[in-house]
Amino acid sequence: MATMSKNEYGVISVAGSAITRMIVDNLLFFEDTLLPCNRKGKLLRKGIFTGNHELGNSVEIREKSEGIHVDIFAVAAVHGTLVGASQQLFNMVEEDFGVLCLEKPAEIRMNIMGFLPEGGKQPVGRKYTLRRRNVREKE
């Protein structure tokens, strides 16, 4: 899915895979706190045969009438509050959209699929969502 934006510079089109890759890179910045996973909570790791394209399954981008919606799926590596890390990740995602001259996403959701116990292979615990909504200014 390509995302298009009109501004004073003209029409800008960005491939969805490029946006996904930028978000995954931001998520990997928090690898000591947040680990990418798919929608079902299975951890995704970069491997010799899989490369980085499998990590793209941890991000879902949808375009709706009110704007772009971004869903990020992750497992928390530590217990405790993740609000600070998620807010910093949300800021990084919005900055990337700004660099590409795109409007901020209407909604960014961080779906925490559980916590990874020390030495564990799969997450345990409850799932919850952290969210940021941006209100579009009417023209």
# chains A, B, ... in the order shown; residues from 1 in each chain; ligands from 1

$ residues_around --residues "range 114-119 of chain A" --least-positions-apart "3" --cutoff "9 Å" --atoms "only C-alpha atoms" --output "mmCIF file with all heavy atoms, in the first residue's frame"
data_model
loop_
_atom_site.group_PDB
_atom_site.id
_atom_site.type_symbol
_atom_site.label_atom_id
_atom_site.label_comp_id
_atom_site.auth_asym_id
_atom_site.auth_seq_id
_atom_site.Cartn_x
_atom_site.Cartn_y
_atom_site.Cartn_z
ATOM 1 N N LEU A 35 10.362 -6.472 22.209
ATOM 2 C CA LEU A 35 10.774 -7.427 21.179
ATOM 3 C C LEU A 35 9.651 -7.579 20.162
ATOM 4 O O LEU A 35 8.492 -7.777 20.545
ATOM 5 C CB LEU A 35 11.080 -8.794 21.815
ATOM 6 C CG LEU A 35 12.116 -8.779 22.938
ATOM 7 C CD1 LEU A 35 12.118 -10.100 23.674
ATOM 8 C CD2 LEU A 35 13.491 -8.473 22.372
ATOM 9 N N GLY A 41 1.448 -13.141 18.987
ATOM 10 C CA GLY A 41 2.393 -13.109 20.095
ATOM 11 C C GLY A 41 3.640 -13.950 19.896
ATOM 12 O O GLY A 41 4.448 -14.074 20.800
ATOM 13 N N ALA A 74 4.377 -6.151 19.970
ATOM 14 C CA ALA A 74 5.641 -6.399 20.652
ATOM 15 C C ALA A 74 5.401 -7.175 21.938
ATOM 16 O O ALA A 74 4.289 -7.229 22.458
ATOM 17 C CB ALA A 74 6.347 -5.085 20.955
ATOM 18 N N VAL A 75 6.483 -7.772 22.433
ATOM 19 C CA VAL A 75 6.498 -8.460 23.712
ATOM 20 C C VAL A 75 7.432 -7.670 24.615
ATOM 21 O O VAL A 75 8.514 -7.245 24.181
ATOM 22 C CB VAL A 75 7.009 -9.914 23.550
ATOM 23 C CG1 VAL A 75 7.215 -10.580 24.889
ATOM 24 C CG2 VAL A 75 6.036 -10.716 22.699
ATOM 25 N N ALA A 76 7.026 -7.469 25.854
ATOM 26 C CA ALA A 76 7.860 -6.735 26.799
ATOM 27 C C ALA A 76 8.901 -7.688 27.386
ATOM 28 O O ALA A 76 8.577 -8.787 27.825
ATOM 29 C CB ALA A 76 7.008 -6.137 27.905
ATOM 30 N N ALA A 77 10.156 -7.250 27.379
ATOM 31 C CA ALA A 77 11.240 -8.076 27.894
ATOM 32 C C ALA A 77 11.398 -7.921 29.405
ATOM 33 O O ALA A 77 12.050 -8.734 30.042
ATOM 34 C CB ALA A 77 12.552 -7.728 27.203
ATOM 35 N N VAL A 78 10.827 -6.900 29.971
ATOM 36 C CA VAL A 78 10.941 -6.649 31.407
ATOM 37 C C VAL A 78 9.573 -6.303 31.964
ATOM 38 O O VAL A 78 8.710 -5.792 31.262
ATOM 39 C CB VAL A 78 11.915 -5.481 31.706
ATOM 40 C CG1 VAL A 78 13.314 -5.840 31.318
ATOM 41 C CG2 VAL A 78 11.483 -4.215 31.011
ATOM 42 N N HIS A 79 9.382 -6.604 33.252
ATOM 43 C CA HIS A 79 8.155 -6.183 33.910
ATOM 44 C C HIS A 79 8.310 -4.729 34.323
ATOM 45 O O HIS A 79 9.406 -4.245 34.538
ATOM 46 C CB HIS A 79 7.883 -7.039 35.156
ATOM 47 C CG HIS A 79 7.357 -8.390 34.810
ATOM 48 N ND1 HIS A 79 6.049 -8.595 34.465
ATOM 49 C CD2 HIS A 79 7.954 -9.586 34.744
ATOM 50 C CE1 HIS A 79 5.863 -9.873 34.215
ATOM 51 N NE2 HIS A 79 7.011 -10.496 34.371
ATOM 52 N N GLN A 122 8.453 -17.957 24.844
ATOM 53 C CA GLN A 122 7.205 -17.322 24.442
ATOM 54 C C GLN A 122 6.670 -16.458 25.577
ATOM 55 O O GLN A 122 6.926 -16.723 26.745
ATOM 56 C CB GLN A 122 6.154 -18.372 24.054
ATOM 57 C CG GLN A 122 6.445 -19.074 22.745
ATOM 58 C CD GLN A 122 6.499 -18.106 21.575
ATOM 59 O OE1 GLN A 122 5.681 -17.214 21.437
ATOM 60 N NE2 GLN A 122 7.491 -18.281 20.712
ATOM 61 N N PRO A 123 5.913 -15.418 25.237
ATOM 62 C CA PRO A 123 5.413 -14.497 26.257
ATOM 63 C C PRO A 123 4.337 -15.115 27.139
ATOM 64 O O PRO A 123 3.628 -16.030 26.723
ATOM 65 C CB PRO A 123 4.849 -13.341 25.442
ATOM 66 C CG PRO A 123 4.543 -13.919 24.113
ATOM 67 C CD PRO A 123 5.534 -15.022 23.890
ATOM 68 N N VAL A 124 4.260 -14.616 28.348
ATOM 69 C CA VAL A 124 3.218 -15.008 29.291
ATOM 70 C C VAL A 124 2.576 -13.741 29.833
ATOM 71 O O VAL A 124 3.126 -12.653 29.710
ATOM 72 C CB VAL A 124 3.785 -15.852 30.455
ATOM 73 C CG1 VAL A 124 4.350 -17.165 29.963
ATOM 74 C CG2 VAL A 124 4.838 -15.080 31.232
ATOM 75 N N GLY A 125 1.429 -13.889 30.447
ATOM 76 C CA GLY A 125 0.775 -12.737 31.055
ATOM 77 C C GLY A 125 -0.287 -12.151 30.161
ATOM 78 O O GLY A 125 -0.555 -12.619 29.063
ATOM 79 N N ARG A 126 -0.871 -11.084 30.653
ATOM 80 C CA ARG A 126 -1.984 -10.478 29.935
ATOM 81 C C ARG A 126 -1.506 -9.584 28.806
ATOM 82 O O ARG A 126 -0.378 -9.132 28.781
ATOM 83 C CB ARG A 126 -2.866 -9.694 30.892
ATOM 84 C CG ARG A 126 -2.215 -8.475 31.473
ATOM 85 C CD ARG A 126 -3.156 -7.814 32.486
ATOM 86 N NE ARG A 126 -2.618 -6.528 32.877
ATOM 87 C CZ ARG A 126 -3.031 -5.377 32.400
ATOM 88 N NH1 ARG A 126 -3.996 -5.342 31.523
ATOM 89 N NH2 ARG A 126 -2.507 -4.250 32.806
ATOM 90 N N LYS A 127 -2.420 -9.340 27.888
ATOM 91 C CA LYS A 127 -2.144 -8.469 26.747
ATOM 92 C C LYS A 127 -2.812 -7.127 27.002
ATOM 93 O O LYS A 127 -3.892 -7.068 27.587
ATOM 94 C CB LYS A 127 -2.713 -9.086 25.472
ATOM 95 C CG LYS A 127 -2.153 -10.450 25.185
ATOM 96 C CD LYS A 127 -2.891 -11.121 24.068
ATOM 97 C CE LYS A 127 -2.332 -12.530 23.911
ATOM 98 N NZ LYS A 127 -3.087 -13.338 23.012
ATOM 99 N N TYR A 128 -2.151 -6.070 26.585
ATOM 100 C CA TYR A 128 -2.769 -4.751 26.691
ATOM 101 C C TYR A 128 -2.253 -3.841 25.594
ATOM 102 O O TYR A 128 -1.296 -4.162 24.904
ATOM 103 C CB TYR A 128 -2.591 -4.134 28.086
ATOM 104 C CG TYR A 128 -1.173 -3.835 28.477
ATOM 105 C CD1 TYR A 128 -0.651 -2.564 28.316
ATOM 106 C CD2 TYR A 128 -0.357 -4.807 29.029
ATOM 107 C CE1 TYR A 128 0.645 -2.266 28.682
ATOM 108 C CE2 TYR A 128 0.941 -4.534 29.399
ATOM 109 C CZ TYR A 128 1.432 -3.264 29.234
ATOM 110 O OH TYR A 128 2.717 -2.983 29.596
#

$ residues_around --residues "Asn57 in chain A" --least-positions-apart "6" --cutoff "12 Å" --atoms "only C-alpha atoms" --output "mmCIF file with all heavy atoms, in the first residue's frame"
data_model
loop_
_atom_site.group_PDB
_atom_site.id
_atom_site.type_symbol
_atom_site.label_atom_id
_atom_site.label_comp_id
_atom_site.auth_asym_id
_atom_site.auth_seq_id
_atom_site.Cartn_x
_atom_site.Cartn_y
_atom_site.Cartn_z
ATOM 1 N N SER A 17 5.944 -0.557 2.474
ATOM 2 C CA SER A 17 7.066 -1.356 2.969
ATOM 3 C C SER A 17 8.181 -0.461 3.518
ATOM 4 O O SER A 17 8.864 -0.829 4.470
ATOM 5 C CB SER A 17 7.609 -2.256 1.869
ATOM 6 O OG SER A 17 8.051 -1.490 0.772
ATOM 7 N N THR A 20 6.968 0.655 6.942
ATOM 8 C CA THR A 20 7.080 -0.484 7.843
ATOM 9 C C THR A 20 8.516 -0.687 8.286
ATOM 10 O O THR A 20 8.804 -0.896 9.466
ATOM 11 C CB THR A 20 6.548 -1.763 7.164
ATOM 12 O OG1 THR A 20 5.166 -1.568 6.841
ATOM 13 C CG2 THR A 20 6.691 -2.970 8.064
ATOM 14 N N ARG A 21 9.444 -0.616 7.351
ATOM 15 C CA ARG A 21 10.863 -0.802 7.669
ATOM 16 C C ARG A 21 11.359 0.268 8.647
ATOM 17 O O ARG A 21 12.103 -0.029 9.586
ATOM 18 C CB ARG A 21 11.683 -0.778 6.376
ATOM 19 C CG ARG A 21 13.150 -0.853 6.550
ATOM 20 C CD ARG A 21 13.556 -2.158 7.148
ATOM 21 N NE ARG A 21 14.949 -2.039 7.535
ATOM 22 C CZ ARG A 21 15.674 -3.008 7.973
ATOM 23 N NH1 ARG A 21 15.153 -4.200 8.089
ATOM 24 N NH2 ARG A 21 16.913 -2.819 8.315
ATOM 25 N N ILE A 23 9.544 1.866 10.875
ATOM 26 C CA ILE A 23 8.942 1.589 12.185
ATOM 27 C C ILE A 23 9.643 0.416 12.852
ATOM 28 O O ILE A 23 9.909 0.439 14.054
ATOM 29 C CB ILE A 23 7.426 1.359 12.048
ATOM 30 C CG1 ILE A 23 6.752 2.648 11.581
ATOM 31 C CG2 ILE A 23 6.819 0.890 13.362
ATOM 32 C CD1 ILE A 23 5.298 2.495 11.201
ATOM 33 N N VAL A 24 9.965 -0.624 12.085
ATOM 34 C CA VAL A 24 10.684 -1.780 12.637
ATOM 35 C C VAL A 24 12.052 -1.347 13.153
ATOM 36 O O VAL A 24 12.478 -1.764 14.234
ATOM 37 C CB VAL A 24 10.804 -2.913 11.591
ATOM 38 C CG1 VAL A 24 11.806 -3.963 12.029
ATOM 39 C CG2 VAL A 24 9.449 -3.558 11.347
ATOM 40 N N PRO A 36 9.956 -7.507 18.867
ATOM 41 C CA PRO A 36 8.904 -7.629 17.847
ATOM 42 C C PRO A 36 8.256 -9.012 17.876
ATOM 43 O O PRO A 36 8.919 -10.023 18.104
ATOM 44 C CB PRO A 36 9.643 -7.420 16.528
ATOM 45 C CG PRO A 36 11.027 -7.021 16.857
ATOM 46 C CD PRO A 36 11.274 -7.307 18.283
ATOM 47 N N CYS A 37 6.951 -9.032 17.633
ATOM 48 C CA CYS A 37 6.217 -10.294 17.537
ATOM 49 C C CYS A 37 5.111 -10.131 16.505
ATOM 50 O O CYS A 37 4.835 -9.027 16.048
ATOM 51 C CB CYS A 37 5.647 -10.714 18.892
ATOM 52 S SG CYS A 37 4.299 -9.678 19.495
ATOM 53 N N ASN A 38 4.473 -11.244 16.133
ATOM 54 C CA ASN A 38 3.356 -11.153 15.207
ATOM 55 C C ASN A 38 2.051 -10.924 15.983
ATOM 56 O O ASN A 38 2.069 -10.782 17.202
ATOM 57 C CB ASN A 38 3.277 -12.386 14.296
ATOM 58 C CG ASN A 38 2.973 -13.659 15.047
ATOM 59 O OD1 ASN A 38 2.603 -13.649 16.222
ATOM 60 N ND2 ASN A 38 3.136 -14.780 14.377
ATOM 61 N N ARG A 39 0.921 -10.904 15.294
ATOM 62 C CA ARG A 39 -0.369 -10.626 15.934
ATOM 63 C C ARG A 39 -0.750 -11.646 16.994
ATOM 64 O O ARG A 39 -1.518 -11.343 17.889
ATOM 65 C CB ARG A 39 -1.481 -10.622 14.893
ATOM 66 C CG ARG A 39 -1.530 -9.415 14.077
ATOM 67 C CD ARG A 39 -2.793 -9.440 13.283
ATOM 68 N NE ARG A 39 -2.493 -8.957 11.959
ATOM 69 C CZ ARG A 39 -3.309 -9.027 10.954
ATOM 70 N NH1 ARG A 39 -4.481 -9.590 11.095
ATOM 71 N NH2 ARG A 39 -2.965 -8.553 9.795
ATOM 72 N N LYS A 40 -0.227 -12.848 16.876
ATOM 73 C CA LYS A 40 -0.572 -13.900 17.828
ATOM 74 C C LYS A 40 0.401 -13.967 19.001
ATOM 75 O O LYS A 40 0.230 -14.786 19.897
ATOM 76 C CB LYS A 40 -0.614 -15.243 17.114
ATOM 77 C CG LYS A 40 -1.724 -15.304 16.081
ATOM 78 C CD LYS A 40 -1.777 -16.634 15.418
ATOM 79 C CE LYS A 40 -2.889 -16.651 14.379
ATOM 80 N NZ LYS A 40 -2.970 -17.932 13.679
ATOM 81 N N GLY A 41 1.448 -13.141 18.987
ATOM 82 C CA GLY A 41 2.393 -13.109 20.095
ATOM 83 C C GLY A 41 3.640 -13.950 19.896
ATOM 84 O O GLY A 41 4.448 -14.074 20.800
ATOM 85 N N LYS A 42 3.824 -14.518 18.705
ATOM 86 C CA LYS A 42 5.026 -15.313 18.428
ATOM 87 C C LYS A 42 6.184 -14.359 18.168
ATOM 88 O O LYS A 42 6.101 -13.475 17.322
ATOM 89 C CB LYS A 42 4.813 -16.207 17.215
ATOM 90 C CG LYS A 42 6.022 -17.041 16.875
ATOM 91 C CD LYS A 42 5.782 -17.888 15.642
ATOM 92 C CE LYS A 42 7.013 -18.703 15.345
ATOM 93 N NZ LYS A 42 7.739 -18.242 14.200
ATOM 94 N N LEU A 43 7.275 -14.547 18.895
ATOM 95 C CA LEU A 43 8.440 -13.679 18.730
ATOM 96 C C LEU A 43 9.024 -13.796 17.336
ATOM 97 O O LEU A 43 9.092 -14.885 16.766
ATOM 98 C CB LEU A 43 9.511 -14.035 19.759
ATOM 99 C CG LEU A 43 9.209 -13.635 21.192
ATOM 100 C CD1 LEU A 43 10.266 -14.193 22.130
ATOM 101 C CD2 LEU A 43 9.141 -12.134 21.317
ATOM 102 N N LEU A 44 9.439 -12.680 16.797
ATOM 103 C CA LEU A 44 10.068 -12.637 15.479
ATOM 104 C C LEU A 44 11.524 -12.237 15.664
ATOM 105 O O LEU A 44 11.825 -11.266 16.340
ATOM 106 C CB LEU A 44 9.360 -11.614 14.588
ATOM 107 C CG LEU A 44 7.876 -11.837 14.366
ATOM 108 C CD1 LEU A 44 7.282 -10.666 13.597
ATOM 109 C CD2 LEU A 44 7.643 -13.127 13.605
ATOM 110 N N ARG A 45 12.393 -13.008 15.072
ATOM 111 C CA ARG A 45 13.820 -12.722 15.193
ATOM 112 C C ARG A 45 14.445 -12.709 13.814
ATOM 113 O O ARG A 45 14.031 -13.426 12.921
ATOM 114 C CB ARG A 45 14.506 -13.770 16.052
ATOM 115 C CG ARG A 45 13.917 -13.875 17.450
ATOM 116 C CD ARG A 45 14.849 -14.606 18.363
ATOM 117 N NE ARG A 45 14.244 -14.943 19.617
ATOM 118 C CZ ARG A 45 14.237 -14.151 20.677
ATOM 119 N NH1 ARG A 45 14.775 -12.970 20.618
ATOM 120 N NH2 ARG A 45 13.673 -14.535 21.795
ATOM 121 N N LYS A 46 15.468 -11.885 13.677
ATOM 122 C CA LYS A 46 16.215 -11.851 12.426
ATOM 123 C C LYS A 46 17.117 -13.075 12.408
ATOM 124 O O LYS A 46 17.859 -13.322 13.346
ATOM 125 C CB LYS A 46 17.050 -10.569 12.345
ATOM 126 C CG LYS A 46 17.855 -10.461 11.085
ATOM 127 C CD LYS A 46 18.687 -9.208 11.087
ATOM 128 C CE LYS A 46 19.608 -9.230 9.890
ATOM 129 N NZ LYS A 46 20.544 -8.129 9.905
ATOM 130 N N THR A 50 15.764 -15.889 7.340
ATOM 131 C CA THR A 50 14.585 -15.021 7.319
ATOM 132 C C THR A 50 14.928 -13.579 7.013
ATOM 133 O O THR A 50 14.144 -12.874 6.396
ATOM 134 C CB THR A 50 13.845 -15.072 8.662
ATOM 135 O OG1 THR A 50 14.743 -14.660 9.697
ATOM 136 C CG2 THR A 50 13.316 -16.452 8.954
ATOM 137 N N ASP A 71 -0.422 -0.114 13.792
ATOM 138 C CA ASP A 71 -0.438 -1.073 14.890
ATOM 139 C C ASP A 71 0.936 -1.703 14.982
ATOM 140 O O ASP A 71 1.460 -2.205 13.984
ATOM 141 C CB ASP A 71 -1.477 -2.175 14.668
ATOM 142 C CG ASP A 71 -2.885 -1.714 14.948
ATOM 143 O OD1 ASP A 71 -3.084 -1.031 15.964
ATOM 144 O OD2 ASP A 71 -3.782 -2.043 14.152
ATOM 145 N N ILE A 72 1.519 -1.682 16.178
ATOM 146 C CA ILE A 72 2.819 -2.282 16.425
ATOM 147 C C ILE A 72 2.606 -3.401 17.434
ATOM 148 O O ILE A 72 1.973 -3.186 18.473
ATOM 149 C CB ILE A 72 3.817 -1.241 16.971
ATOM 150 C CG1 ILE A 72 3.937 -0.065 16.006
ATOM 151 C CG2 ILE A 72 5.169 -1.880 17.233
ATOM 152 C CD1 ILE A 72 4.683 1.119 16.571
ATOM 153 N N PHE A 73 3.120 -4.587 17.145
ATOM 154 C CA PHE A 73 2.987 -5.737 18.024
ATOM 155 C C PHE A 73 4.346 -6.053 18.632
ATOM 156 O O PHE A 73 5.335 -6.197 17.914
ATOM 157 C CB PHE A 73 2.458 -6.945 17.247
ATOM 158 C CG PHE A 73 1.103 -6.708 16.635
ATOM 159 C CD1 PHE A 73 0.977 -6.235 15.343
ATOM 160 C CD2 PHE A 73 -0.041 -6.927 17.367
ATOM 161 C CE1 PHE A 73 -0.257 -5.992 14.784
ATOM 162 C CE2 PHE A 73 -1.295 -6.688 16.821
ATOM 163 C CZ PHE A 73 -1.406 -6.223 15.525
ATOM 164 N N ALA A 74 4.377 -6.151 19.970
ATOM 165 C CA ALA A 74 5.641 -6.399 20.652
ATOM 166 C C ALA A 74 5.401 -7.175 21.938
ATOM 167 O O ALA A 74 4.289 -7.229 22.458
ATOM 168 C CB ALA A 74 6.347 -5.085 20.955
#

$ closest_residue --among "A:Leu27, A:Val14, A:Leu34, A:Ile61" --to "Phe90 in chain A" --atoms "only C-alpha atoms"
A:Leu27
